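File shown here: final_2.txt, holding compact mmCIF, C-alpha atoms.
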```txt
# COMPACT_ATOMS: atom_id res chain seq x y z
CA MET A 1 -17.45 123.19 195.11
CA THR A 2 -17.49 121.49 198.47
CA LEU A 3 -19.47 122.72 201.45
CA TYR A 4 -16.22 123.84 203.12
CA ASP A 5 -15.31 125.98 200.08
CA LYS A 6 -18.79 127.50 200.05
CA ILE A 7 -18.59 128.48 203.73
CA TYR A 8 -15.06 129.85 203.25
CA LYS A 9 -16.16 131.87 200.21
CA TRP A 10 -19.23 133.21 202.04
CA LEU A 11 -17.06 134.37 204.98
CA ASP A 12 -14.25 135.60 202.71
CA GLU A 13 -16.62 137.89 200.80
CA ARG A 14 -17.65 139.48 204.09
CA PHE A 15 -14.49 139.44 206.24
CA LYS A 16 -11.60 139.33 203.71
CA LEU A 17 -10.27 136.09 205.20
CA ARG A 18 -7.67 135.80 202.42
CA GLU A 19 -5.96 138.93 203.74
CA LEU A 20 -6.76 138.43 207.42
CA LEU A 21 -5.69 134.83 208.08
CA PRO A 22 -2.19 134.36 206.58
CA PRO A 23 -0.45 136.88 208.89
CA ILE A 24 -1.94 135.04 211.86
CA LEU A 25 -1.47 131.48 210.63
CA LYS A 26 1.89 131.91 208.91
CA HIS A 27 3.37 134.11 211.64
CA PRO A 28 6.80 132.58 212.25
CA ALA A 29 7.72 131.05 215.60
CA PRO A 30 11.49 130.99 216.15
CA GLU A 31 13.08 127.57 215.86
CA TYR A 32 14.70 127.69 219.31
CA ALA A 33 11.27 128.26 220.87
CA VAL A 34 9.87 125.22 219.09
CA SER A 35 12.69 122.83 219.97
CA ASN A 36 13.38 123.86 223.59
CA PRO A 37 10.79 122.41 226.03
CA LEU A 38 11.47 125.24 228.52
CA TYR A 39 9.34 127.44 226.25
CA CYS A 40 6.31 125.23 227.03
CA LEU A 41 5.87 126.51 230.58
CA GLY A 42 3.78 129.58 229.73
CA GLY A 43 1.57 127.52 227.42
CA THR A 44 1.18 124.89 230.16
CA ALA A 45 -0.04 127.57 232.56
CA PHE A 46 -2.51 128.79 229.92
CA LEU A 47 -3.85 125.27 229.28
CA CYS A 48 -4.34 124.87 233.05
CA PHE A 49 -6.21 128.18 233.01
CA LEU A 50 -8.58 126.92 230.28
CA ILE A 51 -9.20 123.68 232.24
CA LEU A 52 -9.85 125.76 235.36
CA VAL A 53 -12.40 127.92 233.55
CA ILE A 54 -14.34 124.91 232.25
CA THR A 55 -14.23 122.83 235.46
CA GLY A 56 -14.89 126.00 237.49
CA ILE A 57 -18.10 126.70 235.57
CA PHE A 58 -19.34 123.17 236.29
CA LEU A 59 -18.44 123.49 239.99
CA ALA A 60 -20.27 126.84 240.20
CA MET A 61 -23.47 125.10 239.03
CA TYR A 62 -23.56 123.00 242.21
CA TYR A 63 -21.67 125.08 244.77
CA LYS A 64 -23.59 127.17 247.35
CA PRO A 65 -21.57 129.98 249.00
CA THR A 66 -23.05 130.03 252.50
CA PRO A 67 -21.52 128.65 255.74
CA GLU A 68 -24.48 126.27 256.16
CA GLU A 69 -24.54 124.93 252.60
CA ALA A 70 -20.96 125.24 251.30
CA TYR A 71 -19.56 122.07 252.85
CA LYS A 72 -22.69 120.04 252.07
CA SER A 73 -22.69 121.21 248.44
CA VAL A 74 -19.03 120.22 247.99
CA GLN A 75 -19.79 116.87 249.63
CA ASN A 76 -22.67 116.52 247.18
CA ILE A 77 -20.30 117.28 244.27
CA MET A 78 -17.85 114.65 245.55
CA THR A 79 -20.36 111.87 246.17
CA ALA A 80 -23.63 112.38 244.28
CA VAL A 81 -23.07 114.59 241.21
CA PRO A 82 -22.08 112.48 238.15
CA MET A 83 -18.37 113.06 237.42
CA GLY A 84 -18.39 115.65 240.21
CA SER A 85 -15.42 114.16 242.01
CA LEU A 86 -13.38 114.09 238.81
CA ILE A 87 -14.28 117.69 237.91
CA ARG A 88 -13.37 119.00 241.37
CA SER A 89 -10.13 116.97 241.47
CA LEU A 90 -9.18 118.25 238.01
CA HIS A 91 -9.85 121.80 239.22
CA HIS A 92 -7.64 121.15 242.24
CA TRP A 93 -4.75 119.66 240.23
CA ALA A 94 -4.95 122.19 237.39
CA ALA A 95 -4.81 125.01 239.97
CA ASN A 96 -1.68 123.67 241.66
CA THR A 97 -0.04 122.86 238.32
CA MET A 98 -0.86 126.35 237.02
CA ILE A 99 0.83 128.04 239.98
CA ALA A 100 3.89 125.78 239.62
CA ALA A 101 4.02 126.43 235.85
CA VAL A 102 3.71 130.19 236.33
CA MET A 103 6.59 130.15 238.83
CA LEU A 104 8.80 127.98 236.60
CA HIS A 105 7.94 130.21 233.63
CA MET A 106 9.07 133.23 235.65
CA ILE A 107 12.32 131.48 236.65
CA ARG A 108 12.94 130.60 232.98
CA VAL A 109 12.37 134.22 231.89
CA TYR A 110 14.64 135.49 234.69
CA PHE A 111 17.61 133.24 233.93
CA MET A 112 17.33 133.76 230.17
CA GLY A 113 17.21 137.53 230.69
CA ALA A 114 14.05 137.66 228.56
CA TYR A 115 12.69 140.63 230.56
CA LYS A 116 15.22 143.03 229.10
CA LYS A 117 14.51 145.89 226.71
CA PRO A 118 12.00 146.02 225.01
CA ARG A 119 10.13 143.52 227.22
CA GLU A 120 10.25 145.30 230.61
CA LEU A 121 6.50 145.96 230.80
CA ASN A 122 5.64 142.39 229.89
CA TRP A 123 7.64 141.26 232.94
CA VAL A 124 5.64 143.73 235.08
CA VAL A 125 2.36 142.35 233.70
CA GLY A 126 3.74 138.87 234.44
CA ILE A 127 4.28 139.77 238.11
CA PHE A 128 0.67 141.00 238.32
CA LEU A 129 -0.39 137.68 236.76
CA LEU A 130 1.58 135.83 239.48
CA LEU A 131 -0.21 137.92 242.12
CA THR A 132 -3.60 137.24 240.49
CA VAL A 133 -2.95 133.50 240.25
CA THR A 134 -1.87 133.17 243.90
CA THR A 135 -4.90 135.25 244.99
CA PHE A 136 -7.05 132.87 242.94
CA GLY A 137 -5.57 129.98 244.90
CA PHE A 138 -6.04 131.76 248.22
CA SER A 139 -9.70 132.67 247.55
CA GLY A 140 -10.55 129.23 246.19
CA TYR A 141 -9.04 127.49 249.20
CA LEU A 142 -11.73 128.76 251.58
CA LEU A 143 -14.73 127.80 249.46
CA PRO A 144 -15.07 124.08 250.47
CA TRP A 145 -15.44 125.35 254.06
CA ASP A 146 -13.67 122.41 255.67
CA GLN A 147 -11.20 122.53 258.58
CA LEU A 148 -8.16 122.93 256.32
CA SER A 149 -9.65 125.77 254.27
CA PHE A 150 -11.03 127.60 257.30
CA TRP A 151 -7.79 127.59 259.29
CA ALA A 152 -5.52 128.22 256.31
CA THR A 153 -7.64 131.30 255.57
CA LYS A 154 -7.35 132.27 259.21
CA ILE A 155 -3.53 132.26 258.89
CA GLY A 156 -3.65 133.99 255.50
CA THR A 157 -5.96 136.83 256.53
CA GLY A 158 -3.96 137.13 259.77
CA ILE A 159 -0.71 137.60 257.84
CA ALA A 160 -2.32 140.06 255.38
CA GLY A 161 -3.89 141.90 258.31
CA SER A 162 -0.54 142.55 259.99
CA ILE A 163 0.93 144.47 257.02
CA PRO A 164 1.54 148.02 258.33
CA ILE A 165 -1.00 150.78 257.47
CA ILE A 166 -2.98 148.96 254.72
CA GLY A 167 -3.17 145.54 256.43
CA GLY A 168 -6.24 146.39 258.53
CA TYR A 169 -8.16 147.54 255.47
CA ILE A 170 -7.10 144.51 253.43
CA SER A 171 -8.36 142.06 256.05
CA LEU A 172 -11.59 144.06 256.57
CA ILE A 173 -12.26 144.12 252.81
CA LEU A 174 -11.44 140.41 252.49
CA MET A 175 -13.42 139.17 255.47
CA GLY A 176 -16.27 141.68 255.39
CA GLY A 177 -16.01 141.91 259.19
CA ASN A 178 -13.76 140.97 262.05
CA ASP A 179 -14.02 137.23 261.66
CA ILE A 180 -14.39 134.61 258.96
CA GLY A 181 -18.11 134.05 258.41
CA ALA A 182 -20.99 134.27 255.95
CA ASP A 183 -19.76 137.60 254.55
CA THR A 184 -16.26 136.21 254.03
CA ILE A 185 -17.46 133.23 252.02
CA THR A 186 -19.59 135.36 249.64
CA ARG A 187 -16.74 137.84 249.25
CA PHE A 188 -14.23 135.10 248.46
CA PHE A 189 -16.73 133.56 246.04
CA ALA A 190 -17.26 136.88 244.23
CA LEU A 191 -13.49 137.41 244.12
CA HIS A 192 -12.90 133.88 242.82
CA VAL A 193 -15.58 133.73 240.12
CA LEU A 194 -16.12 137.38 239.10
CA ILE A 195 -13.34 139.81 239.96
CA LEU A 196 -10.23 137.69 239.45
CA PRO A 197 -11.41 136.05 236.18
CA MET A 198 -11.97 139.52 234.70
CA ALA A 199 -8.58 140.70 235.95
CA ILE A 200 -6.76 137.66 234.61
CA ALA A 201 -8.50 137.89 231.22
CA ILE A 202 -7.31 141.50 230.80
CA LEU A 203 -3.77 140.73 232.03
CA LEU A 204 -3.47 137.60 229.84
CA GLY A 205 -4.65 139.61 226.83
CA MET A 206 -1.93 142.21 227.48
CA HIS A 207 0.68 139.49 228.12
CA PHE A 208 -0.01 137.64 224.85
CA LEU A 209 -0.40 140.81 222.79
CA MET A 210 3.01 142.02 223.92
CA VAL A 211 4.61 138.66 223.08
CA ARG A 212 2.98 138.87 219.65
CA ILE A 213 4.17 142.43 219.01
CA GLN A 214 7.68 142.00 220.40
CA GLY A 215 8.31 138.39 219.40
CA ILE A 216 9.70 135.58 221.56
CA SER A 217 13.02 136.44 223.15
CA GLY A 218 15.76 134.01 222.22
CA ARG A 219 19.32 132.86 222.94
CA LEU A 220 20.77 131.55 226.16
CA MET B 221 9.00 119.99 208.97
CA ALA B 222 9.17 122.95 206.65
CA ILE B 223 11.48 125.60 208.01
CA ILE B 224 10.81 129.03 206.62
CA GLU B 225 13.26 131.88 206.61
CA VAL B 226 12.13 135.24 207.84
CA GLU B 227 13.79 138.58 207.48
CA LYS B 228 14.20 140.50 210.69
CA LYS B 229 15.48 144.05 210.71
CA GLN B 230 17.71 144.93 213.61
CA ALA B 231 17.49 148.69 213.78
CA GLU B 232 19.65 148.93 216.88
CA GLU B 233 22.70 147.39 215.30
CA GLN B 234 22.26 149.59 212.22
CA GLN B 235 22.95 146.66 209.96
CA LYS B 236 22.29 147.16 206.31
CA GLU B 237 21.98 143.44 205.70
CA PRO B 238 18.76 142.01 207.12
CA VAL B 239 19.39 139.24 209.68
CA ARG B 240 17.70 135.99 208.80
CA VAL B 241 15.92 134.21 211.62
CA ARG B 242 14.99 130.58 211.10
CA GLY B 243 11.41 130.00 212.07
CA LEU B 244 8.41 127.74 211.70
CA PRO B 245 4.98 128.95 210.63
CA PHE B 246 2.59 129.23 213.57
CA PHE B 247 0.03 127.08 211.74
CA PRO B 248 0.27 124.15 211.46
CA HIS B 249 3.82 123.42 212.72
CA PHE B 250 4.04 125.41 215.92
CA LEU B 251 0.41 124.72 216.83
CA LEU B 252 0.88 120.99 216.25
CA ARG B 253 3.66 120.85 218.84
CA GLU B 254 1.52 122.89 221.24
CA VAL B 255 -1.39 120.48 220.80
CA VAL B 256 0.87 117.47 221.49
CA VAL B 257 2.20 119.07 224.69
CA MET B 258 -1.34 120.09 225.70
CA CYS B 259 -2.56 116.49 225.29
CA LEU B 260 0.30 115.21 227.46
CA ILE B 261 -0.45 117.73 230.21
CA ALA B 262 -4.21 117.23 230.05
CA GLY B 263 -3.62 113.46 230.27
CA SER B 264 -1.30 113.84 233.27
CA LEU B 265 -3.82 116.07 235.04
CA LEU B 266 -6.61 113.54 234.41
CA LEU B 267 -4.39 110.77 235.79
CA LEU B 268 -3.49 112.79 238.90
CA ALA B 269 -7.14 113.77 239.45
CA SER B 270 -8.28 110.14 239.19
CA LEU B 271 -5.52 108.69 241.40
CA TYR B 272 -5.39 111.48 243.98
CA PRO B 273 -8.83 113.13 244.27
CA ALA B 274 -9.11 116.54 245.96
CA SER B 275 -9.56 116.09 249.69
CA LEU B 276 -12.47 117.21 251.84
CA LEU B 277 -11.84 117.15 255.57
CA LYS B 278 -14.30 117.67 258.41
CA PRO B 279 -16.57 120.75 258.17
CA ALA B 280 -15.05 124.04 259.33
CA ASP B 281 -15.24 124.46 263.09
CA PRO B 282 -14.15 127.89 264.39
CA PHE B 283 -13.80 126.49 267.93
CA THR B 284 -11.47 123.55 267.21
CA THR B 285 -8.00 124.40 265.91
CA PRO B 286 -6.46 121.44 264.08
CA THR B 287 -2.73 120.76 264.48
CA PRO B 288 -0.58 121.25 262.57
CA ILE B 289 -2.05 123.86 260.23
CA TYR B 290 -0.29 125.03 257.10
CA PRO B 291 -1.12 127.58 254.42
CA GLU B 292 -1.08 126.50 250.74
CA TRP B 293 2.37 125.39 249.57
CA TYR B 294 2.95 128.55 247.52
CA PHE B 295 2.48 130.73 250.63
CA LEU B 296 4.70 128.57 252.86
CA TYR B 297 7.73 130.81 252.28
CA VAL B 298 5.80 133.82 253.69
CA PHE B 299 4.73 131.72 256.67
CA GLY B 300 8.27 130.36 257.11
CA PHE B 301 9.84 133.81 256.97
CA LEU B 302 7.37 135.08 259.57
CA LYS B 303 8.36 132.20 261.89
CA PHE B 304 12.07 132.66 261.14
CA TRP B 305 12.33 136.42 261.70
CA THR B 306 12.19 137.11 265.44
CA TYR B 307 14.44 140.16 265.61
CA ASP B 308 13.21 143.71 266.14
CA ILE B 309 15.06 146.35 264.14
CA GLY B 310 15.06 149.56 266.19
CA PRO B 311 11.45 150.57 266.75
CA ILE B 312 10.07 148.18 264.11
CA PRO B 313 8.68 144.99 265.70
CA ALA B 314 9.81 141.62 264.30
CA LYS B 315 6.27 140.68 263.19
CA ILE B 316 5.93 143.76 260.96
CA ILE B 317 9.23 142.90 259.25
CA GLY B 318 8.13 139.26 259.02
CA VAL B 319 5.06 140.12 256.92
CA THR B 320 6.34 143.18 255.04
CA VAL B 321 9.53 141.64 253.63
CA PRO B 322 8.03 138.54 251.94
CA MET B 323 4.90 140.32 250.69
CA ILE B 324 5.39 144.04 249.98
CA LEU B 325 9.18 144.23 249.57
CA TRP B 326 9.42 140.94 247.65
CA TYR B 327 6.76 141.82 245.06
CA GLY B 328 8.07 145.38 244.81
CA LEU B 329 11.55 144.08 243.98
CA LEU B 330 10.14 141.55 241.50
CA ILE B 331 8.29 144.30 239.61
CA LEU B 332 11.47 146.39 239.48
CA VAL B 333 13.74 143.58 238.18
CA PRO B 334 13.95 144.88 234.57
CA PHE B 335 14.67 148.39 235.84
CA ILE B 336 17.31 147.32 238.37
CA ASP B 337 19.15 144.99 235.99
CA ARG B 338 20.33 147.45 233.30
CA ASN B 339 22.83 145.01 231.80
CA PRO B 340 21.66 144.73 228.15
CA SER B 341 23.21 141.29 227.60
CA SER B 342 21.01 138.21 227.82
CA ASP B 343 24.03 135.90 227.49
CA ILE B 344 24.13 133.91 230.74
CA ARG B 345 27.94 134.13 230.87
CA LYS B 346 27.84 137.93 230.88
CA ARG B 347 25.22 138.14 233.64
CA LYS B 348 27.12 136.54 236.52
CA ILE B 349 25.70 138.89 239.21
CA ALA B 350 22.07 138.53 238.08
CA VAL B 351 22.41 134.74 237.87
CA ALA B 352 24.08 134.57 241.31
CA ILE B 353 21.32 136.72 242.87
CA GLY B 354 18.70 134.55 241.17
CA ILE B 355 20.19 131.35 242.58
CA ILE B 356 20.53 132.84 246.09
CA VAL B 357 16.89 134.03 246.02
CA LEU B 358 15.68 130.61 244.84
CA LEU B 359 17.63 128.85 247.61
CA GLY B 360 16.22 131.38 250.10
CA LEU B 361 12.65 130.64 248.96
CA LEU B 362 13.28 126.90 249.30
CA PHE B 363 14.80 127.39 252.75
CA PHE B 364 11.87 129.48 254.06
CA THR B 365 9.39 127.02 252.53
CA TYR B 366 11.17 124.19 254.38
CA TYR B 367 11.25 126.29 257.55
CA GLY B 368 7.50 126.86 257.20
CA ILE B 369 6.84 123.10 256.89
CA VAL B 370 8.99 122.24 259.93
CA HIS B 371 7.55 124.98 262.12
CA GLY B 372 3.83 124.51 261.33
CA GLU B 373 1.49 125.61 264.07
```
The structure in this file should be written as structure tokens.
Amino acid sequence: MTLYDKIYKWLDERFKLRELLPPILKHPAPEYAVSNPLYCLGGTAFLCFLILVITGIFLAMYYKPTPEEAYKSVQNIMTAVPMGSLIRSLHHWAANTMIAAVMLHMIRVYFMGAYKKPRELNWVVGIFLLLTVTTFGFSGYLLPWDQLSFWATKIGTGIAGSIPIIGGYISLILMGGNDIGADTITRFFALHVLILPMAIAILLGMHFLMVRIQGISGRL
Amino acid sequence: MAIIEVEKKQAEEQQKEPVRVRGLPFFPHFLLREVVVMCLIAGSLLLLASLYPASLLKPADPFTTPTPIYPEWYFLYVFGFLKFWTYDIGPIPAKIIGVTVPMILWYGLLILVPFIDRNPSSDIRKRKIAVAIGIIVLLGLLFFTYYGIVHGE
């Protein structure tokens, strides 16, 4: 008996792997979803998400969310931290690719009519995922605290602030005051590394679970 | 590749005979393809990140407005629509319409898509209206994105 068999047997006696694994591993994926590359878009977005989580954790180890330190800490990541430039650039590219993949995935689902009964609610969850992903991009954009991020956030909070009725509250909650400052940067940081990751984890779980229960929609 | 045959009951069509769907087992066949695609994408991202590193401009200065300034590319259509729409409708000012339509109305309509489109067919030839609306909306998004780039502040 090899070591692998021993470990498998040990786990099998405790978790009934023999019953548990085959439905997961042998679950059939429809042939059209395997051969058509258009079905890769959702998976591409998910891979980008995983890369973003890993590179994001490394960036959070060096980043300092204050107006005085933010720019210097990003400069430090780009010039002094080993591999820092690569990690931040990967984070940047994975973020943009993820948003593009999410949009293309949505276009694919729309034109294939894959949102129809029984998958209506999965489309709704998908729209909330799109909102979460773009908010991720928006909140992450400010963090380097350079001219581009500061003024793009100025436009963004300005646009959000002019929505009737709720706009004023949205911009107050986002900025933590009347102008972009120390409170804004900590709020955007908390949003980017705490609130949105939790939201996206829950939404992704729902999204995948529904695909698993309802199967992949086919035909074109 | 081993293709397995799976029985799939279609309760809606009340068929006595089970419909056979050709499929591949998730492991290892489906996962293998996923891993290949993932390697290609991870490789492309590494290449892009090495050739075109993320930029870092001058530190933020609240007193110096750079020109031109743009939002992120995926918000350009909102920005473009705001610049494009300069007409008041009755008592509603143009600016309110300019922000409400591409944010609130747009996402509201997107959420409602499965409930508006009640056509049960997912055959593209039987969904001419939905496909036409989709193409018009896509062209509209591209137009407002372009408008946003041209009319940057």
Exercise. Restricting the calculation to only C-alpha atoms, which member of B:Ile317, B:Cys259, B:Ala280, B:Leu271 is positioned closest to chain A?
Worked result: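 The answer is B:Ala280, which sits nearest to chain A.
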Please check the contacts: residues of chain B at most 8 Å away from chain A, using all atoms listed in the file, listed as a PDB file with C-alpha atoms, keeping the file's coordinate frame.
```pdb
ATOM      1  CA  ILE B 224      10.810 129.030 206.620  1.00  0.00           C
ATOM      2  CA  VAL B 226      12.130 135.240 207.840  1.00  0.00           C
ATOM      3  CA  VAL B 241      15.920 134.210 211.620  1.00  0.00           C
ATOM      4  CA  ARG B 242      14.990 130.580 211.100  1.00  0.00           C
ATOM      5  CA  GLY B 243      11.410 130.000 212.070  1.00  0.00           C
ATOM      6  CA  LEU B 244       8.410 127.740 211.700  1.00  0.00           C
ATOM      7  CA  PRO B 245       4.980 128.950 210.630  1.00  0.00           C
ATOM      8  CA  PHE B 246       2.590 129.230 213.570  1.00  0.00           C
ATOM      9  CA  PHE B 247       0.030 127.080 211.740  1.00  0.00           C
ATOM     10  CA  PRO B 248       0.270 124.150 211.460  1.00  0.00           C
ATOM     11  CA  PHE B 250       4.040 125.410 215.920  1.00  0.00           C
ATOM     12  CA  ARG B 253       3.660 120.850 218.840  1.00  0.00           C
ATOM     13  CA  GLU B 254       1.520 122.890 221.240  1.00  0.00           C
ATOM     14  CA  VAL B 257       2.200 119.070 224.690  1.00  0.00           C
ATOM     15  CA  MET B 258      -1.340 120.090 225.700  1.00  0.00           C
ATOM     16  CA  ILE B 261      -0.450 117.730 230.210  1.00  0.00           C
ATOM     17  CA  LEU B 265      -3.820 116.070 235.040  1.00  0.00           C
ATOM     18  CA  LEU B 266      -6.610 113.540 234.410  1.00  0.00           C
ATOM     19  CA  LEU B 268      -3.490 112.790 238.900  1.00  0.00           C
ATOM     20  CA  ALA B 269      -7.140 113.770 239.450  1.00  0.00           C
ATOM     21  CA  SER B 270      -8.280 110.140 239.190  1.00  0.00           C
ATOM     22  CA  TYR B 272      -5.390 111.480 243.980  1.00  0.00           C
ATOM     23  CA  PRO B 273      -8.830 113.130 244.270  1.00  0.00           C
ATOM     24  CA  ALA B 274      -9.110 116.540 245.960  1.00  0.00           C
ATOM     25  CA  LEU B 276     -12.470 117.210 251.840  1.00  0.00           C
ATOM     26  CA  LEU B 277     -11.840 117.150 255.570  1.00  0.00           C
ATOM     27  CA  LYS B 278     -14.300 117.670 258.410  1.00  0.00           C
ATOM     28  CA  PRO B 279     -16.570 120.750 258.170  1.00  0.00           C
ATOM     29  CA  ALA B 280     -15.050 124.040 259.330  1.00  0.00           C
ATOM     30  CA  ASP B 281     -15.240 124.460 263.090  1.00  0.00           C
ATOM     31  CA  PRO B 282     -14.150 127.890 264.390  1.00  0.00           C
ATOM     32  CA  THR B 285      -8.000 124.400 265.910  1.00  0.00           C
ATOM     33  CA  PRO B 286      -6.460 121.440 264.080  1.00  0.00           C
ATOM     34  CA  ILE B 289      -2.050 123.860 260.230  1.00  0.00           C
ATOM     35  CA  TYR B 290      -0.290 125.030 257.100  1.00  0.00           C
ATOM     36  CA  PRO B 291      -1.120 127.580 254.420  1.00  0.00           C
ATOM     37  CA  GLU B 292      -1.080 126.500 250.740  1.00  0.00           C
ATOM     38  CA  TYR B 294       2.950 128.550 247.520  1.00  0.00           C
ATOM     39  CA  LYS B 315       6.270 140.680 263.190  1.00  0.00           C
ATOM     40  CA  ILE B 316       5.930 143.760 260.960  1.00  0.00           C
ATOM     41  CA  VAL B 319       5.060 140.120 256.920  1.00  0.00           C
ATOM     42  CA  THR B 320       6.340 143.180 255.040  1.00  0.00           C
ATOM     43  CA  TYR B 327       6.760 141.820 245.060  1.00  0.00           C
ATOM     44  CA  LEU B 330      10.140 141.550 241.500  1.00  0.00           C
ATOM     45  CA  ILE B 331       8.290 144.300 239.610  1.00  0.00           C
ATOM     46  CA  LEU B 332      11.470 146.390 239.480  1.00  0.00           C
ATOM     47  CA  PRO B 334      13.950 144.880 234.570  1.00  0.00           C
ATOM     48  CA  PHE B 335      14.670 148.390 235.840  1.00  0.00           C
ATOM     49  CA  ARG B 338      20.330 147.450 233.300  1.00  0.00           C
ATOM     50  CA  PRO B 340      21.660 144.730 228.150  1.00  0.00           C
ATOM     51  CA  SER B 341      23.210 141.290 227.600  1.00  0.00           C
ATOM     52  CA  SER B 342      21.010 138.210 227.820  1.00  0.00           C
ATOM     53  CA  ASP B 343      24.030 135.900 227.490  1.00  0.00           C
ATOM     54  CA  ILE B 344      24.130 133.910 230.740  1.00  0.00           C
ATOM     55  CA  VAL B 351      22.410 134.740 237.870  1.00  0.00           C
ATOM     56  CA  GLY B 354      18.700 134.550 241.170  1.00  0.00           C
TER      57      GLY B 354
END
```
Seminar exercise, completed: A straight line from atom CA of B:Ala314 to atom CA of B:Phe299 spans 13.5 Å
Exercise. What is the atom CA of B:Ile353-atom CA of A:Ala101 distance in Å, reported with one decimal?
Worked result: 21.3 Å
Exercise. Can you tell me how far atom CA of A:Gly42 sits from atom CA of B:Val256, in Å to one decimal?
Worked result: 14.9 Å
Problem set entry | Closest of A:Met61, A:Asn178, A:Leu204, A:Lys16 to A:Asn76 - atom-to-atom distances counting only C-alpha atoms |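 Closest candidate: A:Met61.
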Padding 3 Å on each side, edges along x, y and z: where is the centre of the box around the listed atoms of stretch 143-149 of chain A, and how long are its edges in Å to one decimal? Output it as AutoDock Vina command-line options.
```
--center_x -11.8 --center_y 125.1 --center_z 254.0 --size_x 13.3 --size_y 11.4 --size_z 15.1
```
Would you mind putting back N, CA, C and O atoms on stretch 300-313 of chain B, then writing it out as a compact mmCIF listing (two decimals), keeping the file's coordinate frame?
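The new file selection_36.txt reads:
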```txt
# COMPACT_ATOMS: atom_id res chain seq x y z
N GLY B 300 6.96 130.75 256.59
CA GLY B 300 8.27 130.36 257.11
C GLY B 300 9.10 131.56 257.51
O GLY B 300 9.74 131.57 258.56
N PHE B 301 9.07 132.61 256.66
CA PHE B 301 9.84 133.81 256.97
C PHE B 301 9.33 134.47 258.25
O PHE B 301 10.10 134.91 259.10
N LEU B 302 7.99 134.49 258.38
CA LEU B 302 7.37 135.08 259.57
C LEU B 302 7.82 134.34 260.84
O LEU B 302 8.08 134.95 261.88
N LYS B 303 7.91 133.01 260.74
CA LYS B 303 8.36 132.20 261.89
C LYS B 303 9.85 132.40 262.15
O LYS B 303 10.31 132.37 263.29
N PHE B 304 10.61 132.58 261.05
CA PHE B 304 12.07 132.66 261.14
C PHE B 304 12.53 133.99 261.75
O PHE B 304 13.43 134.02 262.58
N TRP B 305 11.86 135.09 261.32
CA TRP B 305 12.33 136.42 261.70
C TRP B 305 11.79 136.81 263.07
O TRP B 305 10.62 137.14 263.20
N THR B 306 12.66 136.77 264.10
CA THR B 306 12.19 137.11 265.44
C THR B 306 12.96 138.30 266.01
O THR B 306 13.00 138.51 267.21
N TYR B 307 13.61 139.06 265.13
CA TYR B 307 14.44 140.16 265.61
C TYR B 307 13.79 141.51 265.31
O TYR B 307 13.41 141.78 264.18
N ASP B 308 13.68 142.34 266.35
CA ASP B 308 13.21 143.71 266.14
C ASP B 308 14.36 144.53 265.57
O ASP B 308 15.50 144.35 265.96
N ILE B 309 14.04 145.42 264.62
CA ILE B 309 15.06 146.35 264.14
C ILE B 309 14.67 147.74 264.62
O ILE B 309 13.70 148.32 264.13
N GLY B 310 15.39 148.26 265.61
CA GLY B 310 15.06 149.56 266.19
C GLY B 310 13.63 149.56 266.70
O GLY B 310 13.25 148.65 267.46
N PRO B 311 12.82 150.52 266.26
CA PRO B 311 11.45 150.57 266.75
C PRO B 311 10.49 149.65 266.00
O PRO B 311 9.32 149.52 266.37
N ILE B 312 10.98 149.01 264.91
CA ILE B 312 10.07 148.18 264.11
C ILE B 312 10.00 146.78 264.71
O ILE B 312 11.01 146.08 264.80
N PRO B 313 8.80 146.32 265.10
CA PRO B 313 8.68 144.99 265.70
C PRO B 313 8.96 143.88 264.67
O PRO B 313 8.73 144.07 263.48
```
